[in-house]
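A.B. asks: Following this message is one structure expressed as structure tokens.
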Amino acid sequence: GAVVSQHPSWVICKSGTSVKIECRSLDFQATTMFWYRQFPKQSLMLMATSNEGSKATYEQGVEKDKFLINHASLTLSTLTVTSAHPEDSSFYICSAPGLAGVQETQYFGPGTRLLVL
Amino acid sequence: EDQVTQSPEALRLQEGESSSLNCSYTVSGLRGLFWYRQDPGKGPEFLFTLYSAGEEKEKERLKATLTKKESFLHITAPKPEDSATYLCAVLLSGGSYIPTFGRGTSLIVHP
């Protein structure tokens, strides 16, 4: 099946620094990718929809200036957490829509765990 | 408002003890319903997509079914390696690719 990778898999940073997370579709093109965050024992919360060649669409309550999204190519979307603070610590997951045989699905990356000290 | 509710929140089974997880939904129009498995610290792994009431899909010990109001994920003779969180999500009609997720059911299978 299709593969989505994320890098890094985990990152620890100091409060006030910026962190960039990459999401790549390895064997298919993705004009759209999604960014989620997930708190412990909670479900996935959609943050934004990343569109290749255009601006991202952010969900209500998500600060676009804090979570910068760039979708520069058909295989790469990046999420930059700017001026990170401890409350930004979370598990960030990206996904891209695709087909598993004839079934629609979302292919998810393995996630990036961010810890802000 | 579109809603997806999964029950139970947590389920403990003995190895070999079959059971079912429930996903009920209230949406304006359903295009598809997804089931995913998520292991701790990892991204969700695709299991099934169901499109219409009466549809069933199977994979190893798992079988997913769909009605007009809910979906069940049946686990037959589970093994400890089936322990994971199972997520249900619905895709609405209208062209959006954005699924709406339930909170998940955490399954633990004891040997």
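Identifiers in the structure tokens: chain A, B, ... in order shown; residue index from 1 per chain; ligand index from 1 in order shown.
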For chain A, list the residues within 9 Å of chain B, counting only C-alpha atoms, and write the list as a list in words.
C.D. replies: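 Output check: Thr32, Phe34, Lys41, Gln42, Ser43, Leu44, Met45, Leu46, Thr49, Phe91, Ile93, Cys94, Ser95, Pro97, Ala100, Gln103, Glu104, Thr105, Gln106, Tyr107, Phe108, Gly109, Pro110, Gly111, Thr112 and Arg113 of chain A.
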A.B. asks: Can you tell me, as a count of residues only, what residues are no more than 7 Å from Thr82 (chain A) when counting only C-alpha atoms, ignoring any on the same chain fewer than 5 positions away?
C.D. replies: 5
A.B. asks: Near Thr78 (chain A), within 12 Å and counting only C-alpha atoms, which residues show up once chain neighbours fewer than 6 positions away are dropped, as a PDB file with all heavy atoms, in the first residue's frame?
C.D. replies:
```pdb
ATOM      1  N   SER A   5       5.564   9.127   5.075  1.00  0.00           N
ATOM      2  CA  SER A   5       6.596   9.194   6.109  1.00  0.00           C
ATOM      3  C   SER A   5       6.569  10.557   6.782  1.00  0.00           C
ATOM      4  O   SER A   5       6.099  11.542   6.210  1.00  0.00           O
ATOM      5  CB  SER A   5       7.980   8.931   5.505  1.00  0.00           C
ATOM      6  OG  SER A   5       8.380  10.018   4.691  1.00  0.00           O
ATOM      7  N   GLN A   6       7.073  10.597   7.985  1.00  0.00           N
ATOM      8  CA  GLN A   6       7.218  11.848   8.713  1.00  0.00           C
ATOM      9  C   GLN A   6       8.610  11.919   9.309  1.00  0.00           C
ATOM     10  O   GLN A   6       9.187  10.924   9.726  1.00  0.00           O
ATOM     11  CB  GLN A   6       6.199  11.950   9.863  1.00  0.00           C
ATOM     12  CG  GLN A   6       4.819  12.357   9.433  1.00  0.00           C
ATOM     13  CD  GLN A   6       3.874  12.537  10.602  1.00  0.00           C
ATOM     14  OE1 GLN A   6       2.888  11.819  10.711  1.00  0.00           O
ATOM     15  NE2 GLN A   6       4.164  13.492  11.483  1.00  0.00           N
ATOM     16  N   HIS A   7       9.115  13.153   9.381  1.00  0.00           N
ATOM     17  CA  HIS A   7      10.428  13.361   9.972  1.00  0.00           C
ATOM     18  C   HIS A   7      10.452  14.700  10.679  1.00  0.00           C
ATOM     19  O   HIS A   7       9.966  15.701  10.126  1.00  0.00           O
ATOM     20  CB  HIS A   7      11.514  13.349   8.876  1.00  0.00           C
ATOM     21  CG  HIS A   7      12.879  13.599   9.411  1.00  0.00           C
ATOM     22  ND1 HIS A   7      13.636  12.622  10.018  1.00  0.00           N
ATOM     23  CD2 HIS A   7      13.620  14.738   9.480  1.00  0.00           C
ATOM     24  CE1 HIS A   7      14.780  13.131  10.416  1.00  0.00           C
ATOM     25  NE2 HIS A   7      14.801  14.413  10.091  1.00  0.00           N
ATOM     26  N   PRO A   8      10.951  14.769  11.907  1.00  0.00           N
ATOM     27  CA  PRO A   8      11.504  13.651  12.666  1.00  0.00           C
ATOM     28  C   PRO A   8      10.394  12.831  13.323  1.00  0.00           C
ATOM     29  O   PRO A   8       9.235  13.227  13.305  1.00  0.00           O
ATOM     30  CB  PRO A   8      12.358  14.354  13.716  1.00  0.00           C
ATOM     31  CG  PRO A   8      11.638  15.642  13.955  1.00  0.00           C
ATOM     32  CD  PRO A   8      11.059  16.044  12.638  1.00  0.00           C
ATOM     33  N   VAL A  19      10.015  24.600  15.338  1.00  0.00           N
ATOM     34  CA  VAL A  19      10.246  23.205  14.954  1.00  0.00           C
ATOM     35  C   VAL A  19       9.534  22.913  13.644  1.00  0.00           C
ATOM     36  O   VAL A  19       8.355  23.247  13.498  1.00  0.00           O
ATOM     37  CB  VAL A  19       9.711  22.243  16.044  1.00  0.00           C
ATOM     38  CG1 VAL A  19       9.841  20.799  15.589  1.00  0.00           C
ATOM     39  CG2 VAL A  19      10.448  22.460  17.354  1.00  0.00           C
ATOM     40  N   LYS A  20      10.257  22.299  12.713  1.00  0.00           N
ATOM     41  CA  LYS A  20       9.653  21.940  11.429  1.00  0.00           C
ATOM     42  C   LYS A  20       9.458  20.431  11.345  1.00  0.00           C
ATOM     43  O   LYS A  20      10.384  19.663  11.626  1.00  0.00           O
ATOM     44  CB  LYS A  20      10.535  22.397  10.268  1.00  0.00           C
ATOM     45  CG  LYS A  20       9.945  22.041   8.892  1.00  0.00           C
ATOM     46  CD  LYS A  20      10.885  22.372   7.746  1.00  0.00           C
ATOM     47  CE  LYS A  20      10.919  23.826   7.446  1.00  0.00           C
ATOM     48  NZ  LYS A  20      11.699  24.130   6.211  1.00  0.00           N
ATOM     49  N   ILE A  21       8.278  20.019  10.938  1.00  0.00           N
ATOM     50  CA  ILE A  21       7.963  18.607  10.756  1.00  0.00           C
ATOM     51  C   ILE A  21       7.634  18.379   9.279  1.00  0.00           C
ATOM     52  O   ILE A  21       6.845  19.117   8.696  1.00  0.00           O
ATOM     53  CB  ILE A  21       6.748  18.193  11.623  1.00  0.00           C
ATOM     54  CG1 ILE A  21       7.022  18.487  13.100  1.00  0.00           C
ATOM     55  CG2 ILE A  21       6.439  16.708  11.428  1.00  0.00           C
ATOM     56  CD1 ILE A  21       5.791  18.342  13.984  1.00  0.00           C
ATOM     57  N   GLU A  22       8.261  17.359   8.696  1.00  0.00           N
ATOM     58  CA  GLU A  22       8.034  17.050   7.289  1.00  0.00           C
ATOM     59  C   GLU A  22       7.119  15.852   7.131  1.00  0.00           C
ATOM     60  O   GLU A  22       7.206  14.881   7.881  1.00  0.00           O
ATOM     61  CB  GLU A  22       9.362  16.748   6.594  1.00  0.00           C
ATOM     62  CG  GLU A  22      10.287  17.922   6.473  1.00  0.00           C
ATOM     63  CD  GLU A  22      11.532  17.566   5.663  1.00  0.00           C
ATOM     64  OE1 GLU A  22      11.764  16.369   5.394  1.00  0.00           O
ATOM     65  OE2 GLU A  22      12.259  18.509   5.302  1.00  0.00           O
ATOM     66  N   CYS A  23       6.273  15.911   6.111  1.00  0.00           N
ATOM     67  CA  CYS A  23       5.377  14.808   5.771  1.00  0.00           C
ATOM     68  C   CYS A  23       5.547  14.530   4.287  1.00  0.00           C
ATOM     69  O   CYS A  23       5.347  15.424   3.460  1.00  0.00           O
ATOM     70  CB  CYS A  23       3.934  15.189   6.076  1.00  0.00           C
ATOM     71  SG  CYS A  23       2.715  13.954   5.590  1.00  0.00           S
ATOM     72  N   ARG A  24       5.932  13.304   3.953  1.00  0.00           N
ATOM     73  CA  ARG A  24       6.170  12.944   2.562  1.00  0.00           C
ATOM     74  C   ARG A  24       5.330  11.755   2.130  1.00  0.00           C
ATOM     75  O   ARG A  24       5.208  10.770   2.865  1.00  0.00           O
ATOM     76  CB  ARG A  24       7.639  12.568   2.345  1.00  0.00           C
ATOM     77  CG  ARG A  24       8.607  13.707   2.496  1.00  0.00           C
ATOM     78  CD  ARG A  24      10.043  13.252   2.224  1.00  0.00           C
ATOM     79  NE  ARG A  24      10.988  14.311   2.500  1.00  0.00           N
ATOM     80  CZ  ARG A  24      11.348  15.229   1.626  1.00  0.00           C
ATOM     81  NH1 ARG A  24      10.848  15.203   0.399  1.00  0.00           N
ATOM     82  NH2 ARG A  24      12.198  16.174   1.952  1.00  0.00           N
ATOM     83  N   SER A  25       4.770  11.861   0.940  1.00  0.00           N
ATOM     84  CA  SER A  25       4.137  10.689   0.327  1.00  0.00           C
ATOM     85  C   SER A  25       5.215  10.028  -0.523  1.00  0.00           C
ATOM     86  O   SER A  25       5.780  10.649  -1.411  1.00  0.00           O
ATOM     87  CB  SER A  25       2.936  11.105  -0.526  1.00  0.00           C
ATOM     88  OG  SER A  25       3.298  12.056  -1.495  1.00  0.00           O
ATOM     89  N   MET A  33      -2.951  17.175   1.735  1.00  0.00           N
ATOM     90  CA  MET A  33      -2.512  16.451   2.929  1.00  0.00           C
ATOM     91  C   MET A  33      -3.185  17.086   4.136  1.00  0.00           C
ATOM     92  O   MET A  33      -3.584  18.254   4.087  1.00  0.00           O
ATOM     93  CB  MET A  33      -0.992  16.500   3.090  1.00  0.00           C
ATOM     94  CG  MET A  33      -0.233  15.683   2.055  1.00  0.00           C
ATOM     95  SD  MET A  33       1.548  15.721   2.376  1.00  0.00           S
ATOM     96  CE  MET A  33       2.138  14.587   1.141  1.00  0.00           C
ATOM     97  N   PHE A  34      -3.327  16.308   5.169  1.00  0.00           N
ATOM     98  CA  PHE A  34      -3.970  16.793   6.385  1.00  0.00           C
ATOM     99  C   PHE A  34      -3.008  16.716   7.556  1.00  0.00           C
ATOM    100  O   PHE A  34      -2.214  15.785   7.654  1.00  0.00           O
ATOM    101  CB  PHE A  34      -5.219  15.965   6.709  1.00  0.00           C
ATOM    102  CG  PHE A  34      -6.253  15.978   5.617  1.00  0.00           C
ATOM    103  CD1 PHE A  34      -6.405  14.892   4.783  1.00  0.00           C
ATOM    104  CD2 PHE A  34      -7.045  17.088   5.419  1.00  0.00           C
ATOM    105  CE1 PHE A  34      -7.346  14.897   3.762  1.00  0.00           C
ATOM    106  CE2 PHE A  34      -7.985  17.114   4.405  1.00  0.00           C
ATOM    107  CZ  PHE A  34      -8.131  16.021   3.574  1.00  0.00           C
ATOM    108  N   TRP A  35      -3.120  17.682   8.454  1.00  0.00           N
ATOM    109  CA  TRP A  35      -2.319  17.681   9.676  1.00  0.00           C
ATOM    110  C   TRP A  35      -3.243  17.555  10.879  1.00  0.00           C
ATOM    111  O   TRP A  35      -4.235  18.291  11.000  1.00  0.00           O
ATOM    112  CB  TRP A  35      -1.488  18.949   9.791  1.00  0.00           C
ATOM    113  CG  TRP A  35      -0.327  18.965   8.858  1.00  0.00           C
ATOM    114  CD1 TRP A  35      -0.253  19.551   7.636  1.00  0.00           C
ATOM    115  CD2 TRP A  35       0.953  18.343   9.076  1.00  0.00           C
ATOM    116  NE1 TRP A  35       0.987  19.331   7.073  1.00  0.00           N
ATOM    117  CE2 TRP A  35       1.745  18.586   7.937  1.00  0.00           C
ATOM    118  CE3 TRP A  35       1.505  17.590  10.127  1.00  0.00           C
ATOM    119  CZ2 TRP A  35       3.054  18.138   7.816  1.00  0.00           C
ATOM    120  CZ3 TRP A  35       2.801  17.133  10.007  1.00  0.00           C
ATOM    121  CH2 TRP A  35       3.564  17.404   8.860  1.00  0.00           C
ATOM    122  N   ALA A  48      -5.427  21.330  10.065  1.00  0.00           N
ATOM    123  CA  ALA A  48      -5.459  22.074   8.806  1.00  0.00           C
ATOM    124  C   ALA A  48      -5.376  21.133   7.620  1.00  0.00           C
ATOM    125  O   ALA A  48      -4.916  20.001   7.742  1.00  0.00           O
ATOM    126  CB  ALA A  48      -4.303  23.069   8.753  1.00  0.00           C
ATOM    127  N   THR A  49      -5.827  21.649   6.494  1.00  0.00           N
ATOM    128  CA  THR A  49      -5.725  20.953   5.217  1.00  0.00           C
ATOM    129  C   THR A  49      -4.665  21.671   4.402  1.00  0.00           C
ATOM    130  O   THR A  49      -4.748  22.892   4.188  1.00  0.00           O
ATOM    131  CB  THR A  49      -7.066  20.976   4.472  1.00  0.00           C
ATOM    132  OG1 THR A  49      -8.056  20.372   5.296  1.00  0.00           O
ATOM    133  CG2 THR A  49      -6.964  20.231   3.151  1.00  0.00           C
ATOM    134  N   SER A  50      -3.682  20.908   3.959  1.00  0.00           N
ATOM    135  CA  SER A  50      -2.568  21.449   3.191  1.00  0.00           C
ATOM    136  C   SER A  50      -2.819  21.184   1.710  1.00  0.00           C
ATOM    137  O   SER A  50      -3.066  20.052   1.317  1.00  0.00           O
ATOM    138  CB  SER A  50      -1.287  20.746   3.655  1.00  0.00           C
ATOM    139  OG  SER A  50      -0.196  21.060   2.844  1.00  0.00           O
ATOM    140  N   ASN A  51      -2.774  22.240   0.915  1.00  0.00           N
ATOM    141  CA  ASN A  51      -3.051  22.113  -0.513  1.00  0.00           C
ATOM    142  C   ASN A  51      -1.817  22.496  -1.316  1.00  0.00           C
ATOM    143  O   ASN A  51      -1.253  23.579  -1.115  1.00  0.00           O
ATOM    144  CB  ASN A  51      -4.211  23.031  -0.913  1.00  0.00           C
ATOM    145  CG  ASN A  51      -5.465  22.743  -0.116  1.00  0.00           C
ATOM    146  OD1 ASN A  51      -6.031  21.661  -0.195  1.00  0.00           O
ATOM    147  ND2 ASN A  51      -5.899  23.713   0.674  1.00  0.00           N
ATOM    148  N   GLU A  52      -1.408  21.618  -2.214  1.00  0.00           N
ATOM    149  CA  GLU A  52      -0.223  21.880  -3.019  1.00  0.00           C
ATOM    150  C   GLU A  52      -0.406  23.126  -3.862  1.00  0.00           C
ATOM    151  O   GLU A  52      -1.399  23.271  -4.571  1.00  0.00           O
ATOM    152  CB  GLU A  52       0.069  20.664  -3.914  1.00  0.00           C
ATOM    153  CG  GLU A  52       1.384  20.735  -4.662  1.00  0.00           C
ATOM    154  CD  GLU A  52       1.263  21.370  -6.029  1.00  0.00           C
ATOM    155  OE1 GLU A  52       0.153  21.311  -6.608  1.00  0.00           O
ATOM    156  OE2 GLU A  52       2.271  21.908  -6.527  1.00  0.00           O
ATOM    157  N   ALA A  56      -2.890  26.896   2.971  1.00  0.00           N
ATOM    158  CA  ALA A  56      -3.554  25.872   3.766  1.00  0.00           C
ATOM    159  C   ALA A  56      -4.880  26.401   4.313  1.00  0.00           C
ATOM    160  O   ALA A  56      -5.065  27.614   4.480  1.00  0.00           O
ATOM    161  CB  ALA A  56      -2.648  25.435   4.912  1.00  0.00           C
ATOM    162  N   PHE A  67       1.119  27.832  13.524  1.00  0.00           N
ATOM    163  CA  PHE A  67       1.330  26.553  12.834  1.00  0.00           C
ATOM    164  C   PHE A  67       1.380  26.828  11.330  1.00  0.00           C
ATOM    165  O   PHE A  67       0.362  26.844  10.648  1.00  0.00           O
ATOM    166  CB  PHE A  67       0.210  25.567  13.172  1.00  0.00           C
ATOM    167  CG  PHE A  67       0.118  25.221  14.628  1.00  0.00           C
ATOM    168  CD1 PHE A  67      -0.824  25.837  15.443  1.00  0.00           C
ATOM    169  CD2 PHE A  67       0.979  24.288  15.188  1.00  0.00           C
ATOM    170  CE1 PHE A  67      -0.905  25.515  16.799  1.00  0.00           C
ATOM    171  CE2 PHE A  67       0.912  23.967  16.533  1.00  0.00           C
ATOM    172  CZ  PHE A  67      -0.033  24.578  17.344  1.00  0.00           C
ATOM    173  N   LEU A  68       2.597  27.042  10.846  1.00  0.00           N
ATOM    174  CA  LEU A  68       2.782  27.388   9.443  1.00  0.00           C
ATOM    175  C   LEU A  68       2.858  26.120   8.601  1.00  0.00           C
ATOM    176  O   LEU A  68       3.628  25.225   8.889  1.00  0.00           O
ATOM    177  CB  LEU A  68       4.075  28.193   9.259  1.00  0.00           C
ATOM    178  CG  LEU A  68       4.157  29.521  10.024  1.00  0.00           C
ATOM    179  CD1 LEU A  68       5.496  30.183   9.763  1.00  0.00           C
ATOM    180  CD2 LEU A  68       3.010  30.437   9.637  1.00  0.00           C
ATOM    181  N   ILE A  69       2.060  26.100   7.552  1.00  0.00           N
ATOM    182  CA  ILE A  69       2.026  24.928   6.687  1.00  0.00           C
ATOM    183  C   ILE A  69       2.418  25.329   5.280  1.00  0.00           C
ATOM    184  O   ILE A  69       1.934  26.318   4.739  1.00  0.00           O
ATOM    185  CB  ILE A  69       0.629  24.283   6.690  1.00  0.00           C
ATOM    186  CG1 ILE A  69       0.361  23.649   8.055  1.00  0.00           C
ATOM    187  CG2 ILE A  69       0.502  23.236   5.582  1.00  0.00           C
ATOM    188  CD1 ILE A  69      -1.036  23.134   8.238  1.00  0.00           C
ATOM    189  N   ASN A  70       3.324  24.522   4.704  1.00  0.00           N
ATOM    190  CA  ASN A  70       3.772  24.741   3.336  1.00  0.00           C
ATOM    191  C   ASN A  70       3.688  23.437   2.573  1.00  0.00           C
ATOM    192  O   ASN A  70       4.169  22.414   3.040  1.00  0.00           O
ATOM    193  CB  ASN A  70       5.210  25.272   3.338  1.00  0.00           C
ATOM    194  CG  ASN A  70       5.693  25.588   1.932  1.00  0.00           C
ATOM    195  OD1 ASN A  70       6.175  24.711   1.221  1.00  0.00           O
ATOM    196  ND2 ASN A  70       5.534  26.822   1.533  1.00  0.00           N
ATOM    197  N   HIS A  71       3.071  23.491   1.402  1.00  0.00           N
ATOM    198  CA  HIS A  71       2.915  22.273   0.586  1.00  0.00           C
ATOM    199  C   HIS A  71       3.538  22.580  -0.766  1.00  0.00           C
ATOM    200  O   HIS A  71       2.853  22.880  -1.733  1.00  0.00           O
ATOM    201  CB  HIS A  71       1.420  21.957   0.451  1.00  0.00           C
ATOM    202  CG  HIS A  71       1.120  20.575  -0.033  1.00  0.00           C
ATOM    203  ND1 HIS A  71      -0.001  19.890   0.387  1.00  0.00           N
ATOM    204  CD2 HIS A  71       1.753  19.753  -0.879  1.00  0.00           C
ATOM    205  CE1 HIS A  71      -0.035  18.700  -0.197  1.00  0.00           C
ATOM    206  NE2 HIS A  71       1.020  18.595  -0.968  1.00  0.00           N
ATOM    207  N   ALA A  72       4.858  22.516  -0.798  1.00  0.00           N
ATOM    208  CA  ALA A  72       5.609  23.022  -1.933  1.00  0.00           C
ATOM    209  C   ALA A  72       5.646  22.082  -3.123  1.00  0.00           C
ATOM    210  O   ALA A  72       5.917  22.498  -4.246  1.00  0.00           O
ATOM    211  CB  ALA A  72       7.035  23.348  -1.500  1.00  0.00           C
ATOM    212  N   TYR A  92       1.897  14.842  16.561  1.00  0.00           N
ATOM    213  CA  TYR A  92       1.418  15.425  15.322  1.00  0.00           C
ATOM    214  C   TYR A  92       1.468  14.357  14.226  1.00  0.00           C
ATOM    215  O   TYR A  92       2.483  13.700  14.029  1.00  0.00           O
ATOM    216  CB  TYR A  92       2.271  16.631  14.930  1.00  0.00           C
ATOM    217  CG  TYR A  92       2.097  17.783  15.881  1.00  0.00           C
ATOM    218  CD1 TYR A  92       2.880  17.885  17.031  1.00  0.00           C
ATOM    219  CD2 TYR A  92       1.136  18.769  15.650  1.00  0.00           C
ATOM    220  CE1 TYR A  92       2.706  18.933  17.919  1.00  0.00           C
ATOM    221  CE2 TYR A  92       0.962  19.827  16.528  1.00  0.00           C
ATOM    222  CZ  TYR A  92       1.746  19.892  17.657  1.00  0.00           C
ATOM    223  OH  TYR A  92       1.567  20.937  18.542  1.00  0.00           O
ATOM    224  N   ILE A  93       0.369  14.212  13.521  1.00  0.00           N
ATOM    225  CA  ILE A  93       0.255  13.178  12.485  1.00  0.00           C
ATOM    226  C   ILE A  93      -0.237  13.817  11.191  1.00  0.00           C
ATOM    227  O   ILE A  93      -1.144  14.657  11.213  1.00  0.00           O
ATOM    228  CB  ILE A  93      -0.743  12.067  12.884  1.00  0.00           C
ATOM    229  CG1 ILE A  93      -0.440  11.520  14.278  1.00  0.00           C
ATOM    230  CG2 ILE A  93      -0.724  10.923  11.872  1.00  0.00           C
ATOM    231  CD1 ILE A  93      -1.466  10.507  14.766  1.00  0.00           C
ATOM    232  N   CYS A  94       0.349  13.416  10.084  1.00  0.00           N
ATOM    233  CA  CYS A  94      -0.140  13.877   8.786  1.00  0.00           C
ATOM    234  C   CYS A  94      -0.796  12.710   8.051  1.00  0.00           C
ATOM    235  O   CYS A  94      -0.564  11.539   8.375  1.00  0.00           O
ATOM    236  CB  CYS A  94       0.978  14.474   7.949  1.00  0.00           C
ATOM    237  SG  CYS A  94       2.193  13.279   7.375  1.00  0.00           S
ATOM    238  N   SER A  95      -1.610  13.043   7.088  1.00  0.00           N
ATOM    239  CA  SER A  95      -2.236  12.000   6.269  1.00  0.00           C
ATOM    240  C   SER A  95      -2.471  12.537   4.872  1.00  0.00           C
ATOM    241  O   SER A  95      -2.461  13.742   4.634  1.00  0.00           O
ATOM    242  CB  SER A  95      -3.570  11.531   6.873  1.00  0.00           C
ATOM    243  OG  SER A  95      -4.588  12.490   6.671  1.00  0.00           O
ATOM    244  N   THR A 112       4.793  12.405  14.717  1.00  0.00           N
ATOM    245  CA  THR A 112       5.951  13.085  15.304  1.00  0.00           C
ATOM    246  C   THR A 112       5.579  13.517  16.707  1.00  0.00           C
ATOM    247  O   THR A 112       4.588  14.234  16.888  1.00  0.00           O
ATOM    248  CB  THR A 112       6.354  14.325  14.485  1.00  0.00           C
ATOM    249  OG1 THR A 112       6.771  13.923  13.174  1.00  0.00           O
ATOM    250  CG2 THR A 112       7.478  15.088  15.168  1.00  0.00           C
TER     251      THR A 112
END
```
A.B. asks: Using DSSP assignments from the backbone, pull out every residue in region 28-90 of chain A that falls under strand (DSSP E or B) and give it to me as a count of residues only.
C.D. replies: 30
